[in-house]
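What follows is the content of input.pdb, which has PDB, N, CA and C atoms:
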ATOM      1  N   MET A   1      27.297   4.007  28.100
ATOM      2  CA  MET A   1      26.175   3.334  28.707
ATOM      3  C   MET A   1      26.664   2.676  30.001
ATOM      4  N   PRO A   2      25.995   2.957  31.102
ATOM      5  CA  PRO A   2      26.427   2.385  32.371
ATOM      6  C   PRO A   2      26.304   0.858  32.375
ATOM      7  N   ALA A   3      27.151   0.226  33.183
ATOM      8  CA  ALA A   3      27.157  -1.235  33.242
ATOM      9  C   ALA A   3      25.863  -1.772  33.832
ATOM     10  N   GLY A   4      25.234  -1.025  34.719
ATOM     11  CA  GLY A   4      23.982  -1.469  35.331
ATOM     12  C   GLY A   4      22.867  -1.623  34.314
ATOM     13  N   VAL A   5      22.833  -0.760  33.328
ATOM     14  CA  VAL A   5      21.801  -0.828  32.291
ATOM     15  C   VAL A   5      21.988  -2.083  31.449
ATOM     16  N   VAL A   6      23.221  -2.376  31.096
ATOM     17  CA  VAL A   6      23.501  -3.561  30.289
ATOM     18  C   VAL A   6      23.187  -4.818  31.090
ATOM     19  N   GLN A   7      23.511  -4.808  32.356
ATOM     20  CA  GLN A   7      23.237  -5.959  33.210
ATOM     21  C   GLN A   7      21.733  -6.202  33.331
ATOM     22  N   LYS A   8      20.951  -5.143  33.548
ATOM     23  CA  LYS A   8      19.496  -5.293  33.640
ATOM     24  C   LYS A   8      18.917  -5.796  32.326
ATOM     25  N   PHE A   9      19.434  -5.293  31.217
ATOM     26  CA  PHE A   9      18.956  -5.748  29.922
ATOM     27  C   PHE A   9      19.266  -7.228  29.722
ATOM     28  N   PHE A  10      20.459  -7.648  30.090
ATOM     29  CA  PHE A  10      20.854  -9.044  29.940
ATOM     30  C   PHE A  10      19.988  -9.950  30.810
ATOM     31  N   ILE A  11      19.756  -9.557  32.049
ATOM     32  CA  ILE A  11      18.955 -10.378  32.962
ATOM     33  C   ILE A  11      17.514 -10.496  32.469
ATOM     34  N   THR A  12      16.910  -9.388  32.063
ATOM     35  CA  THR A  12      15.529  -9.474  31.580
ATOM     36  C   THR A  12      15.452 -10.237  30.261
ATOM     37  N   SER A  13      16.476 -10.134  29.429
ATOM     38  CA  SER A  13      16.491 -10.923  28.197
ATOM     39  C   SER A  13      16.540 -12.412  28.505
ATOM     40  N   MET A  14      17.314 -12.786  29.508
ATOM     41  CA  MET A  14      17.369 -14.193  29.908
ATOM     42  C   MET A  14      16.013 -14.653  30.450
ATOM     43  N   PHE A  15      15.348 -13.818  31.237
ATOM     44  CA  PHE A  15      14.028 -14.175  31.746
ATOM     45  C   PHE A  15      13.007 -14.305  30.610
ATOM     46  N   MET A  16      13.171 -13.506  29.566
ATOM     47  CA  MET A  16      12.250 -13.605  28.425
ATOM     48  C   MET A  16      12.404 -14.945  27.713
ATOM     49  N   TRP A  17      13.562 -15.571  27.816
ATOM     50  CA  TRP A  17      13.753 -16.906  27.235
ATOM     51  C   TRP A  17      13.378 -17.998  28.225
ATOM     52  N   VAL A  18      13.804 -17.848  29.475
ATOM     53  CA  VAL A  18      13.648 -18.915  30.460
ATOM     54  C   VAL A  18      12.204 -19.063  30.931
ATOM     55  N   ALA A  19      11.516 -17.967  31.209
ATOM     56  CA  ALA A  19      10.163 -18.051  31.772
ATOM     57  C   ALA A  19       9.194 -18.812  30.868
ATOM     58  N   PRO A  20       9.068 -18.471  29.592
ATOM     59  CA  PRO A  20       8.113 -19.233  28.771
ATOM     60  C   PRO A  20       8.533 -20.693  28.568
ATOM     61  N   LEU A  21       9.842 -20.947  28.453
ATOM     62  CA  LEU A  21      10.285 -22.334  28.294
ATOM     63  C   LEU A  21       9.997 -23.148  29.557
ATOM     64  N   ALA A  22      10.197 -22.548  30.722
ATOM     65  CA  ALA A  22       9.903 -23.238  31.981
ATOM     66  C   ALA A  22       8.405 -23.512  32.107
ATOM     67  N   ILE A  23       7.593 -22.557  31.696
ATOM     68  CA  ILE A  23       6.136 -22.753  31.759
ATOM     69  C   ILE A  23       5.719 -23.875  30.813
ATOM     70  N   LEU A  24       6.226 -23.854  29.599
ATOM     71  CA  LEU A  24       5.880 -24.913  28.645
ATOM     72  C   LEU A  24       6.371 -26.273  29.145
ATOM     73  N   TYR A  25       7.563 -26.328  29.709
ATOM     74  CA  TYR A  25       8.093 -27.574  30.248
ATOM     75  C   TYR A  25       7.217 -28.072  31.399
ATOM     76  N   GLY A  26       6.837 -27.154  32.279
ATOM     77  CA  GLY A  26       5.993 -27.524  33.414
ATOM     78  C   GLY A  26       4.643 -28.059  32.978
ATOM     79  N   PHE A  27       4.053 -27.455  31.969
ATOM     80  CA  PHE A  27       2.764 -27.927  31.469
ATOM     81  C   PHE A  27       2.910 -29.275  30.764
ATOM     82  N   ASN A  28       3.925 -29.437  29.947
ATOM     83  CA  ASN A  28       4.078 -30.664  29.162
ATOM     84  C   ASN A  28       4.502 -31.866  29.992
ATOM     85  N   HIS A  29       5.161 -31.643  31.141
ATOM     86  CA  HIS A  29       5.611 -32.754  31.975
ATOM     87  C   HIS A  29       4.781 -32.883  33.250
ATOM     88  N   ASN A  30       3.612 -32.267  33.255
ATOM     89  CA  ASN A  30       2.663 -32.358  34.383
ATOM     90  C   ASN A  30       3.306 -31.989  35.716
ATOM     91  N   LEU A  31       4.119 -30.953  35.731
ATOM     92  CA  LEU A  31       4.735 -30.494  36.973
ATOM     93  C   LEU A  31       3.814 -29.562  37.758
ATOM     94  N   LEU A  32       2.799 -29.051  37.116
ATOM     95  CA  LEU A  32       1.852 -28.159  37.775
ATOM     96  C   LEU A  32       0.645 -28.981  38.215
ATOM     97  N   PRO A  33       0.301 -28.940  39.502
ATOM     98  CA  PRO A  33      -0.786 -29.793  39.993
ATOM     99  C   PRO A  33      -2.153 -29.359  39.454
ATOM    100  N   GLY A  34      -3.013 -30.340  39.215
ATOM    101  CA  GLY A  34      -4.380 -30.080  38.784
ATOM    102  C   GLY A  34      -4.558 -29.930  37.295
ATOM    103  N   LEU A  35      -3.517 -30.065  36.524
ATOM    104  CA  LEU A  35      -3.632 -29.884  35.080
ATOM    105  C   LEU A  35      -3.607 -31.204  34.312
ATOM    106  N   SER A  36      -3.462 -32.299  35.009
ATOM    107  CA  SER A  36      -3.356 -33.588  34.326
ATOM    108  C   SER A  36      -4.692 -34.049  33.744
ATOM    109  N   ASN A  37      -5.812 -33.491  34.223
ATOM    110  CA  ASN A  37      -7.110 -33.919  33.716
ATOM    111  C   ASN A  37      -7.602 -33.080  32.538
ATOM    112  N   LEU A  38      -6.788 -32.165  32.050
ATOM    113  CA  LEU A  38      -7.178 -31.355  30.891
ATOM    114  C   LEU A  38      -6.924 -32.122  29.600
ATOM    115  N   SER A  39      -7.691 -31.777  28.578
ATOM    116  CA  SER A  39      -7.476 -32.391  27.266
ATOM    117  C   SER A  39      -6.172 -31.853  26.664
ATOM    118  N   PRO A  40      -5.585 -32.574  25.710
ATOM    119  CA  PRO A  40      -4.341 -32.085  25.097
ATOM    120  C   PRO A  40      -4.505 -30.732  24.416
ATOM    121  N   ASN A  41      -5.658 -30.485  23.787
ATOM    122  CA  ASN A  41      -5.881 -29.182  23.148
ATOM    123  C   ASN A  41      -5.941 -28.069  24.182
ATOM    124  N   ALA A  42      -6.660 -28.312  25.270
ATOM    125  CA  ALA A  42      -6.760 -27.303  26.329
ATOM    126  C   ALA A  42      -5.395 -27.070  26.972
ATOM    127  N   MET A  43      -4.630 -28.140  27.149
ATOM    128  CA  MET A  43      -3.289 -28.024  27.740
ATOM    129  C   MET A  43      -2.380 -27.172  26.849
ATOM    130  N   THR A  44      -2.460 -27.395  25.532
ATOM    131  CA  THR A  44      -1.635 -26.627  24.598
ATOM    132  C   THR A  44      -2.014 -25.156  24.615
ATOM    133  N   LEU A  45      -3.311 -24.884  24.569
ATOM    134  CA  LEU A  45      -3.767 -23.487  24.588
ATOM    135  C   LEU A  45      -3.387 -22.798  25.894
ATOM    136  N   LEU A  46      -3.622 -23.461  27.008
ATOM    137  CA  LEU A  46      -3.340 -22.857  28.308
ATOM    138  C   LEU A  46      -1.836 -22.609  28.482
ATOM    139  N   SER A  47      -1.022 -23.569  28.078
ATOM    140  CA  SER A  47       0.429 -23.381  28.226
ATOM    141  C   SER A  47       0.934 -22.271  27.301
ATOM    142  N   GLY A  48       0.385 -22.181  26.092
ATOM    143  CA  GLY A  48       0.782 -21.118  25.173
ATOM    144  C   GLY A  48       0.406 -19.742  25.691
ATOM    145  N   PHE A  49      -0.838 -19.623  26.181
ATOM    146  CA  PHE A  49      -1.271 -18.333  26.738
ATOM    147  C   PHE A  49      -0.424 -17.951  27.948
ATOM    148  N   ALA A  50      -0.137 -18.917  28.818
ATOM    149  CA  ALA A  50       0.671 -18.623  30.006
ATOM    150  C   ALA A  50       2.085 -18.198  29.614
ATOM    151  N   ALA A  51       2.647 -18.827  28.587
ATOM    152  CA  ALA A  51       3.996 -18.462  28.144
ATOM    153  C   ALA A  51       4.020 -17.051  27.568
ATOM    154  N   VAL A  52       3.014 -16.715  26.772
ATOM    155  CA  VAL A  52       2.944 -15.369  26.182
ATOM    156  C   VAL A  52       2.741 -14.324  27.273
ATOM    157  N   ILE A  53       1.878 -14.622  28.230
ATOM    158  CA  ILE A  53       1.644 -13.676  29.329
ATOM    159  C   ILE A  53       2.918 -13.489  30.147
ATOM    160  N   SER A  54       3.691 -14.565  30.346
ATOM    161  CA  SER A  54       4.937 -14.430  31.117
ATOM    162  C   SER A  54       5.925 -13.505  30.413
ATOM    163  N   VAL A  55       5.999 -13.580  29.092
ATOM    164  CA  VAL A  55       6.895 -12.688  28.345
ATOM    165  C   VAL A  55       6.428 -11.242  28.483
ATOM    166  N   ASN A  56       5.123 -11.024  28.410
ATOM    167  CA  ASN A  56       4.601  -9.663  28.564
ATOM    168  C   ASN A  56       4.853  -9.119  29.961
ATOM    169  N   ILE A  57       4.791  -9.966  30.965
ATOM    170  CA  ILE A  57       5.086  -9.527  32.335
ATOM    171  C   ILE A  57       6.556  -9.138  32.453
ATOM    172  N   VAL A  58       7.439  -9.906  31.848
ATOM    173  CA  VAL A  58       8.876  -9.568  31.883
ATOM    174  C   VAL A  58       9.128  -8.247  31.168
ATOM    175  N   ILE A  59       8.467  -8.031  30.038
ATOM    176  CA  ILE A  59       8.629  -6.765  29.308
ATOM    177  C   ILE A  59       8.127  -5.599  30.139
ATOM    178  N   ALA A  60       6.968  -5.759  30.777
ATOM    179  CA  ALA A  60       6.425  -4.691  31.630
ATOM    180  C   ALA A  60       7.357  -4.405  32.803
ATOM    181  N   PHE A  61       7.927  -5.451  33.378
ATOM    182  CA  PHE A  61       8.873  -5.275  34.476
ATOM    183  C   PHE A  61      10.107  -4.509  34.008
ATOM    184  N   TYR A  62      10.604  -4.832  32.813
ATOM    185  CA  TYR A  62      11.766  -4.132  32.277
ATOM    186  C   TYR A  62      11.447  -2.657  32.009
ATOM    187  N   ILE A  63      10.264  -2.393  31.502
ATOM    188  CA  ILE A  63       9.863  -1.000  31.256
ATOM    189  C   ILE A  63       9.803  -0.234  32.570
ATOM    190  N   CYS A  64       9.247  -0.850  33.612
ATOM    191  CA  CYS A  64       9.195  -0.185  34.925
ATOM    192  C   CYS A  64      10.593   0.094  35.456
ATOM    193  N   MET A  65      11.498  -0.869  35.293
ATOM    194  CA  MET A  65      12.880  -0.644  35.739
ATOM    195  C   MET A  65      13.524   0.485  34.945
ATOM    196  N   ALA A  66      13.257   0.544  33.647
ATOM    197  CA  ALA A  66      13.847   1.595  32.818
ATOM    198  C   ALA A  66      13.295   2.968  33.187
ATOM    199  N   MET A  67      12.014   3.019  33.545
ATOM    200  CA  MET A  67      11.413   4.305  33.919
ATOM    201  C   MET A  67      11.983   4.820  35.241
ATOM    202  N   LYS A  68      12.421   3.915  36.094
ATOM    203  CA  LYS A  68      12.967   4.319  37.392
ATOM    204  C   LYS A  68      14.454   4.673  37.319
ATOM    205  N   GLU A  69      15.080   4.448  36.173
ATOM    206  CA  GLU A  69      16.492   4.788  36.005
ATOM    207  C   GLU A  69      16.668   6.293  36.139
ATOM    208  N   PRO A  70      17.699   6.726  36.848
ATOM    209  CA  PRO A  70      17.937   8.172  36.914
ATOM    210  C   PRO A  70      18.418   8.682  35.561
ATOM    211  N   SER A  71      17.843   9.773  35.161
ATOM    212  CA  SER A  71      18.265  10.345  33.875
ATOM    213  C   SER A  71      18.867  11.719  34.136
ATOM    214  N   ASP A  72      20.126  11.828  33.832
ATOM    215  CA  ASP A  72      20.796  13.123  33.964
ATOM    216  C   ASP A  72      20.376  13.991  32.796
ATOM    217  N   LYS A  73      20.109  15.249  33.101
ATOM    218  CA  LYS A  73      19.692  16.160  32.047
ATOM    219  C   LYS A  73      20.859  16.372  31.091
ATOM    220  N   HIS A  74      20.611  16.096  29.836
ATOM    221  CA  HIS A  74      21.651  16.224  28.820
ATOM    222  C   HIS A  74      21.716  17.668  28.346
ATOM    223  N   GLU A  75      22.892  18.228  28.379
ATOM    224  CA  GLU A  75      23.114  19.581  27.891
ATOM    225  C   GLU A  75      23.767  19.502  26.518
ATOM    226  N   PRO A  76      23.151  20.063  25.493
ATOM    227  CA  PRO A  76      23.753  20.014  24.160
ATOM    228  C   PRO A  76      24.991  20.906  24.083
ATOM    229  N   ASP A  77      25.824  20.616  23.122
ATOM    230  CA  ASP A  77      27.057  21.354  22.901
ATOM    231  C   ASP A  77      26.719  22.788  22.474
ATOM    232  N   PRO A  78      27.254  23.805  23.161
ATOM    233  CA  PRO A  78      26.925  25.191  22.809
ATOM    234  C   PRO A  78      27.343  25.563  21.389
ATOM    235  N   LYS A  79      28.468  25.040  20.914
ATOM    236  CA  LYS A  79      28.916  25.347  19.557
ATOM    237  C   LYS A  79      27.923  24.783  18.539
ATOM    238  N   PHE A  80      27.439  23.569  18.796
ATOM    239  CA  PHE A  80      26.458  22.964  17.904
ATOM    240  C   PHE A  80      25.179  23.798  17.869
ATOM    241  N   LEU A  81      24.716  24.267  19.034
ATOM    242  CA  LEU A  81      23.516  25.105  19.083
ATOM    243  C   LEU A  81      23.705  26.396  18.307
ATOM    244  N   ALA A  82      24.867  27.027  18.464
ATOM    245  CA  ALA A  82      25.133  28.286  17.757
ATOM    246  C   ALA A  82      25.152  28.056  16.248
ATOM    247  N   ASP A  83      25.788  26.973  15.806
ATOM    248  CA  ASP A  83      25.819  26.665  14.370
ATOM    249  C   ASP A  83      24.422  26.357  13.835
ATOM    250  N   ALA A  84      23.629  25.650  14.623
ATOM    251  CA  ALA A  84      22.278  25.306  14.187
ATOM    252  C   ALA A  84      21.411  26.556  14.065
ATOM    253  N   LYS A  85      21.505  27.453  15.027
ATOM    254  CA  LYS A  85      20.725  28.696  14.968
ATOM    255  C   LYS A  85      21.158  29.551  13.785
ATOM    256  N   ALA A  86      22.462  29.585  13.529
ATOM    257  CA  ALA A  86      22.959  30.374  12.410
ATOM    258  C   ALA A  86      22.485  29.795  11.080
ATOM    259  N   SER A  87      22.459  28.490  10.968
ATOM    260  CA  SER A  87      22.030  27.880   9.704
ATOM    261  C   SER A  87      20.535  28.045   9.476
ATOM    262  N   VAL A  88      19.754  28.094  10.543
ATOM    263  CA  VAL A  88      18.304  28.284  10.391
ATOM    264  C   VAL A  88      17.989  29.719   9.985
ATOM    265  N   SER A  89      18.727  30.667  10.555
ATOM    266  CA  SER A  89      18.439  32.067  10.254
ATOM    267  C   SER A  89      19.002  32.508   8.908
ATOM    268  N   GLN A  90      19.879  31.729   8.306
ATOM    269  CA  GLN A  90      20.465  32.075   7.009
ATOM    270  C   GLN A  90      19.446  31.838   5.899
ATOM    271  N   PRO A  91      19.250  32.810   5.007
ATOM    272  CA  PRO A  91      18.346  32.563   3.871
ATOM    273  C   PRO A  91      19.027  31.628   2.874
ATOM    274  N   THR A  92      18.234  30.785   2.298
ATOM    275  CA  THR A  92      18.808  29.865   1.308
ATOM    276  C   THR A  92      18.734  30.506  -0.063
ATOM    277  N   GLY A  93      19.699  30.249  -0.882
ATOM    278  CA  GLY A  93      19.729  30.798  -2.233
ATOM    279  C   GLY A  93      18.670  30.164  -3.111
ATOM    280  N   GLU A  94      18.261  28.952  -2.807
ATOM    281  CA  GLU A  94      17.274  28.237  -3.612
ATOM    282  C   GLU A  94      15.903  28.899  -3.525
ATOM    283  N   ALA A  95      15.550  29.399  -2.348
ATOM    284  CA  ALA A  95      14.236  30.019  -2.175
ATOM    285  C   ALA A  95      14.137  31.305  -2.989
ATOM    286  N   THR A  96      15.181  32.114  -3.001
ATOM    287  CA  THR A  96      15.124  33.355  -3.773
ATOM    288  C   THR A  96      15.135  33.057  -5.262
ATOM    289  N   THR A  97      15.857  32.049  -5.684
ATOM    290  CA  THR A  97      15.916  31.688  -7.099
ATOM    291  C   THR A  97      14.560  31.208  -7.580
ATOM    292  N   SER A  98      13.883  30.389  -6.766
ATOM    293  CA  SER A  98      12.591  29.865  -7.192
ATOM    294  C   SER A  98      11.532  30.964  -7.236
ATOM    295  N   SER A  99      11.597  31.955  -6.351
ATOM    296  CA  SER A  99      10.615  33.037  -6.387
ATOM    297  C   SER A  99      10.868  33.942  -7.603
ATOM    298  N   GLN A 100      12.145  34.116  -7.980
ATOM    299  CA  GLN A 100      12.456  34.918  -9.155
ATOM    300  C   GLN A 100      12.005  34.209 -10.426
ATOM    301  N   SER A 101      12.155  32.870 -10.451
ATOM    302  CA  SER A 101      11.720  32.145 -11.635
ATOM    303  C   SER A 101      10.202  32.142 -11.756
ATOM    304  N   GLN A 102       9.496  32.200 -10.646
ATOM    305  CA  GLN A 102       8.033  32.281 -10.701
ATOM    306  C   GLN A 102       7.598  33.621 -11.249
ATOM    307  N   LYS A 103       8.308  34.718 -10.898
ATOM    308  CA  LYS A 103       7.987  36.043 -11.419
ATOM    309  C   LYS A 103       8.207  36.095 -12.936
ATOM    310  N   LYS A 104       9.265  35.417 -13.401
ATOM    311  CA  LYS A 104       9.555  35.409 -14.846
ATOM    312  C   LYS A 104       8.478  34.655 -15.585
ATOM    313  N   GLN A 105       7.951  33.600 -15.010
ATOM    314  CA  GLN A 105       6.943  32.794 -15.683
ATOM    315  C   GLN A 105       5.623  33.549 -15.791
ATOM    316  N   GLU A 106       5.336  34.412 -14.839
ATOM    317  CA  GLU A 106       4.085  35.171 -14.871
ATOM    318  C   GLU A 106       4.182  36.230 -15.943
TER
END
Written form, structure tokens:
Amino acid sequence: MPAGVVQKFFITSMFMWVAPLAILYGFNHNLLPGLSNLSPNAMTLLSGFAAVISVNIVIAFYICMAMKEPSDKHEPDPKFLADAKASVSQPTGEATTSSQSQKKQE
């Protein structure tokens, strides 16, 4: 796994913790202008919704970053493919045994 992927994951994980806590702190300590005249119930609901929306925005941002990551086309191991094809084309002994037992029962 490239170091850039781990770094992006770590940074977005930190934002998923910091953003909602900062929003809740800002609402509870009246750091956002114009919110001091709201009732405590409205303040709690608004701060909770804003915190949840901030987490969803961080997740959407991370998904967009992941979609833009270059993806090298993965080539499967040729030996594995050959073994898999051989095992699929091989008849199983169980299938012939069960069909013979059905003929005996009839």
Q) Quick one, how far is CA of Leu24 in chain A from CA of Ser39 in chain A? A)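 So the answer is 15.4 Å.
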Q. Could you pull out the helix (DSSP H, G or I) residues of chain A from DSSP and send them as a count of residues only?
A. 79
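A straight line drawn from CA of Asn28 in chain A to CA of Met43 in chain A is 8.0 Å long.
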Q: Evaluate the PyMOL selection byres ((chain A and resi 50-58) around 6.5) and record the selected residues as a list of chain:residue names, following the chain and residue labels used in the document.
A: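 On the file shown, the PyMOL selection byres ((chain A and resi 50-58) around 6.5) covers A:Phe15, A:Met16, A:Ala19, A:Pro20, A:Leu21, A:Ile23, A:Leu24, A:Leu45, A:Leu46, A:Ser47, A:Gly48, A:Phe49, A:Ile59, A:Ala60, A:Phe61, A:Tyr62, A:Ile63.
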Q: Could you tell me how far CA of Asn37 in chain A lies from CA of Tyr25 in chain A, in Å and to one decimal?
A: 16.8 Å
Place all heavy atoms on range 17-27 of chain A and deliver the coordinates as an mmCIF file, in the coordinates of the input.
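In the end it all went to selection-v4.cif:
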data_model
loop_
_atom_site.group_PDB
_atom_site.id
_atom_site.type_symbol
_atom_site.label_atom_id
_atom_site.label_comp_id
_atom_site.auth_asym_id
_atom_site.auth_seq_id
_atom_site.Cartn_x
_atom_site.Cartn_y
_atom_site.Cartn_z
ATOM 1 N N TRP A 17 13.562 -15.571 27.816
ATOM 2 C CA TRP A 17 13.753 -16.906 27.235
ATOM 3 C C TRP A 17 13.378 -17.998 28.225
ATOM 4 O O TRP A 17 12.743 -18.989 27.863
ATOM 5 C CB TRP A 17 15.211 -17.092 26.804
ATOM 6 C CG TRP A 17 15.497 -16.475 25.487
ATOM 7 C CD1 TRP A 17 16.027 -15.235 25.261
ATOM 8 C CD2 TRP A 17 15.260 -17.036 24.200
ATOM 9 N NE1 TRP A 17 16.135 -15.006 23.919
ATOM 10 C CE2 TRP A 17 15.668 -16.109 23.251
ATOM 11 C CE3 TRP A 17 14.737 -18.255 23.778
ATOM 12 C CZ2 TRP A 17 15.582 -16.341 21.891
ATOM 13 C CZ3 TRP A 17 14.647 -18.500 22.424
ATOM 14 C CH2 TRP A 17 15.062 -17.548 21.497
ATOM 15 N N VAL A 18 13.804 -17.848 29.475
ATOM 16 C CA VAL A 18 13.648 -18.915 30.460
ATOM 17 C C VAL A 18 12.204 -19.063 30.931
ATOM 18 O O VAL A 18 11.708 -20.194 31.047
ATOM 19 C CB VAL A 18 14.600 -18.665 31.656
ATOM 20 C CG1 VAL A 18 14.325 -19.631 32.784
ATOM 21 C CG2 VAL A 18 16.039 -18.775 31.200
ATOM 22 N N ALA A 19 11.516 -17.967 31.209
ATOM 23 C CA ALA A 19 10.163 -18.051 31.772
ATOM 24 C C ALA A 19 9.194 -18.812 30.868
ATOM 25 O O ALA A 19 8.538 -19.756 31.329
ATOM 26 C CB ALA A 19 9.641 -16.648 32.094
ATOM 27 N N PRO A 20 9.068 -18.471 29.592
ATOM 28 C CA PRO A 20 8.113 -19.233 28.771
ATOM 29 C C PRO A 20 8.533 -20.693 28.568
ATOM 30 O O PRO A 20 7.678 -21.582 28.540
ATOM 31 C CB PRO A 20 8.069 -18.493 27.443
ATOM 32 C CG PRO A 20 9.169 -17.527 27.458
ATOM 33 C CD PRO A 20 9.632 -17.358 28.854
ATOM 34 N N LEU A 21 9.842 -20.947 28.453
ATOM 35 C CA LEU A 21 10.285 -22.334 28.294
ATOM 36 C C LEU A 21 9.997 -23.148 29.557
ATOM 37 O O LEU A 21 9.592 -24.315 29.473
ATOM 38 C CB LEU A 21 11.773 -22.382 27.950
ATOM 39 C CG LEU A 21 12.130 -21.868 26.552
ATOM 40 C CD1 LEU A 21 13.638 -21.882 26.356
ATOM 41 C CD2 LEU A 21 11.445 -22.690 25.487
ATOM 42 N N ALA A 22 10.197 -22.548 30.722
ATOM 43 C CA ALA A 22 9.903 -23.238 31.981
ATOM 44 C C ALA A 22 8.405 -23.512 32.107
ATOM 45 O O ALA A 22 8.002 -24.590 32.569
ATOM 46 C CB ALA A 22 10.404 -22.405 33.153
ATOM 47 N N ILE A 23 7.593 -22.557 31.696
ATOM 48 C CA ILE A 23 6.136 -22.753 31.759
ATOM 49 C C ILE A 23 5.719 -23.875 30.813
ATOM 50 O O ILE A 23 4.938 -24.768 31.190
ATOM 51 C CB ILE A 23 5.407 -21.435 31.446
ATOM 52 C CG1 ILE A 23 5.568 -20.464 32.607
ATOM 53 C CG2 ILE A 23 3.935 -21.681 31.150
ATOM 54 C CD1 ILE A 23 5.077 -19.080 32.340
ATOM 55 N N LEU A 24 6.226 -23.854 29.599
ATOM 56 C CA LEU A 24 5.880 -24.913 28.645
ATOM 57 C C LEU A 24 6.371 -26.273 29.145
ATOM 58 O O LEU A 24 5.659 -27.279 29.023
ATOM 59 C CB LEU A 24 6.465 -24.597 27.271
ATOM 60 C CG LEU A 24 5.838 -23.420 26.538
ATOM 61 C CD1 LEU A 24 6.626 -23.106 25.277
ATOM 62 C CD2 LEU A 24 4.388 -23.690 26.208
ATOM 63 N N TYR A 25 7.563 -26.328 29.709
ATOM 64 C CA TYR A 25 8.093 -27.574 30.248
ATOM 65 C C TYR A 25 7.217 -28.072 31.399
ATOM 66 O O TYR A 25 6.907 -29.264 31.493
ATOM 67 C CB TYR A 25 9.530 -27.370 30.721
ATOM 68 C CG TYR A 25 10.176 -28.623 31.243
ATOM 69 C CD1 TYR A 25 10.752 -29.531 30.363
ATOM 70 C CD2 TYR A 25 10.218 -28.895 32.602
ATOM 71 C CE1 TYR A 25 11.353 -30.688 30.827
ATOM 72 C CE2 TYR A 25 10.812 -30.053 33.081
ATOM 73 C CZ TYR A 25 11.372 -30.942 32.193
ATOM 74 O OH TYR A 25 11.953 -32.093 32.653
ATOM 75 N N GLY A 26 6.837 -27.154 32.279
ATOM 76 C CA GLY A 26 5.993 -27.524 33.414
ATOM 77 C C GLY A 26 4.643 -28.059 32.978
ATOM 78 O O GLY A 26 4.130 -29.035 33.542
ATOM 79 N N PHE A 27 4.053 -27.455 31.969
ATOM 80 C CA PHE A 27 2.764 -27.927 31.469
ATOM 81 C C PHE A 27 2.910 -29.275 30.764
ATOM 82 O O PHE A 27 2.089 -30.173 30.969
ATOM 83 C CB PHE A 27 2.155 -26.914 30.497
ATOM 84 C CG PHE A 27 1.303 -25.881 31.152
ATOM 85 C CD1 PHE A 27 1.854 -24.686 31.596
ATOM 86 C CD2 PHE A 27 -0.056 -26.079 31.308
ATOM 87 C CE1 PHE A 27 1.069 -23.728 32.187
ATOM 88 C CE2 PHE A 27 -0.850 -25.129 31.904
ATOM 89 C CZ PHE A 27 -0.289 -23.949 32.351
#
